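K.L.:
Take a look at this one; I'll ask things after.
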Amino acid sequence: MRVLIQRVTQASVAIAGETTAAIGAGLLVLVGIEEADGAEDIEWLTDKITRLRVFDDGQGVMNRSVLDTGGDVLVVSQFTLMASTHKGNRPSYIRAARPEVAVPLYETFVRELELKLNRRVPTGTFGADMQVSLVNDGPVTIWMDSKQKE
């Protein structure tokens with residue numbers, strides 16, 4: 001499982017021109033899922049995301065997490081995070097999980113975040129053609145892969 005996390009002052013998802021989810025200051029989390037992902041990947045990533053110290057403390061040092069700040073989290077599925085670009089110029093998405101595997105994992109990922117944050121987490125719509133808008137704060141953008149725990 002791969003995630004791209006962006007610290008934002010605001011973010012939203014629109015489908016067919018209608019805003020379906022929006023947040024204020026917090027984290028936009030784009031999620032890519034592969035067939036080999038499971039509960040361990042979800043647990044590791046949701047722990048990391050909720051405890052990631054990317055928000056400034058009183059001295060302007062990134063020392064606070066979304067748990068500390070009470071910031072919002074918006075989760076959007078993005079199979080293109082699983083792209084392989086090793087050969088040619090057209091990315092291959094062969095590693096991306098099929099919907100019958102990905103949807104339950106995505107839903108579990110969101111529920112785990114909600115449990116850890118103790119509040120609802122707005123999402124995009126899995127498989128929809130979405131327009132994601134955001135104001136990246138910093139900019140702060142962090143990539144994590146549960147198979148390469150760095």
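Just so we're on the same page: first chain in the structure tokens is A, next is B, and so on; residues restart at 1 for each chain, and ligands are numbered from 1 in the order they show up.
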Using only C-alpha atoms, which residues sit within 12 Å of Gln148 (chain A) once same-chain residues fewer than 5 positions away are excluded, as a list in words?
P.N.:
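Listing them by chain and then by number gives Met1, Arg2, Val3, Asp41, Trp44, Leu45 and Trp143 of chain A.
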K.L.:
Using backbone DSSP assignments, extract all alpha helix (DSSP H) residues from chain A; output them as a count of residues only.
P.N.:
36
K.L.:
Pick from A:Val73, A:Ala96, A:Ser146, A:Lys87: nearest to Asn118 (chain A), with only C-alpha atoms counted?
P.N.:
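Of all the options, A:Val73 lies closest to Asn118 (chain A).
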K.L.:
Which region 10-40 of chain A residues have any atom within 9 Å of an atom of region 104-107 of chain A, and for each, what is the nearest pair of atoms with distance in Å to one decimal, counting only C-alpha atoms, rows sorted by chain and number, as a Markdown table?
P.N.:
| residue | atom | partner | partner_atom | distance |
| --- | --- | --- | --- | --- |
| A:Val31 | CA | A:Tyr106 | CA | 7.9 |
| A:Gly32 | CA | A:Tyr106 | CA | 8.8 |
| A:Ile33 | CA | A:Tyr106 | CA | 7.6 |
| A:Asp37 | CA | A:Leu105 | CA | 7.9 |
| A:Gly38 | CA | A:Leu105 | CA | 7.0 |
| A:Ala39 | CA | A:Leu105 | CA | 8.0 |
K.L.:
Keeping C-alpha atoms, export the residues of the selection given above as a CSV table (one decimal), in the first residue's frame.
P.N.:
chain,number,residue,atom,x,y,z
A,31,VAL,CA,-4.0,5.9,-1.3
A,32,GLY,CA,-2.9,3.2,-3.8
A,33,ILE,CA,-3.6,-0.4,-3.0
A,37,ASP,CA,-1.9,-5.6,0.9
A,38,GLY,CA,-3.7,-6.5,4.0
A,39,ALA,CA,-4.4,-5.6,7.7
K.L.:
Between A:Glu114, A:Glu34, A:Asp137, A:Asp145, which residue has the minimum interatomic distance to Ala11 (chain A), considering only C-alpha atoms?
P.N.:
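Closest candidate: A:Asp137.
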K.L.:
From chain A, collect each residue whose DSSP state is strand (DSSP E) and return the set as a PyMOL selection string.
P.N.:
chain A and resi 2-15+18-23+26-32+55-56+62-64+72-77+130-145
K.L.:
What lies within 8 Å of region 52-69 of chain A using only C-alpha atoms, ignoring chain neighbours under 4 positions off, as a list in words?
P.N.:
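So the residues in contact are Arg7, Gly26, Leu27, Lys48, Leu117 and Val140 of chain A.
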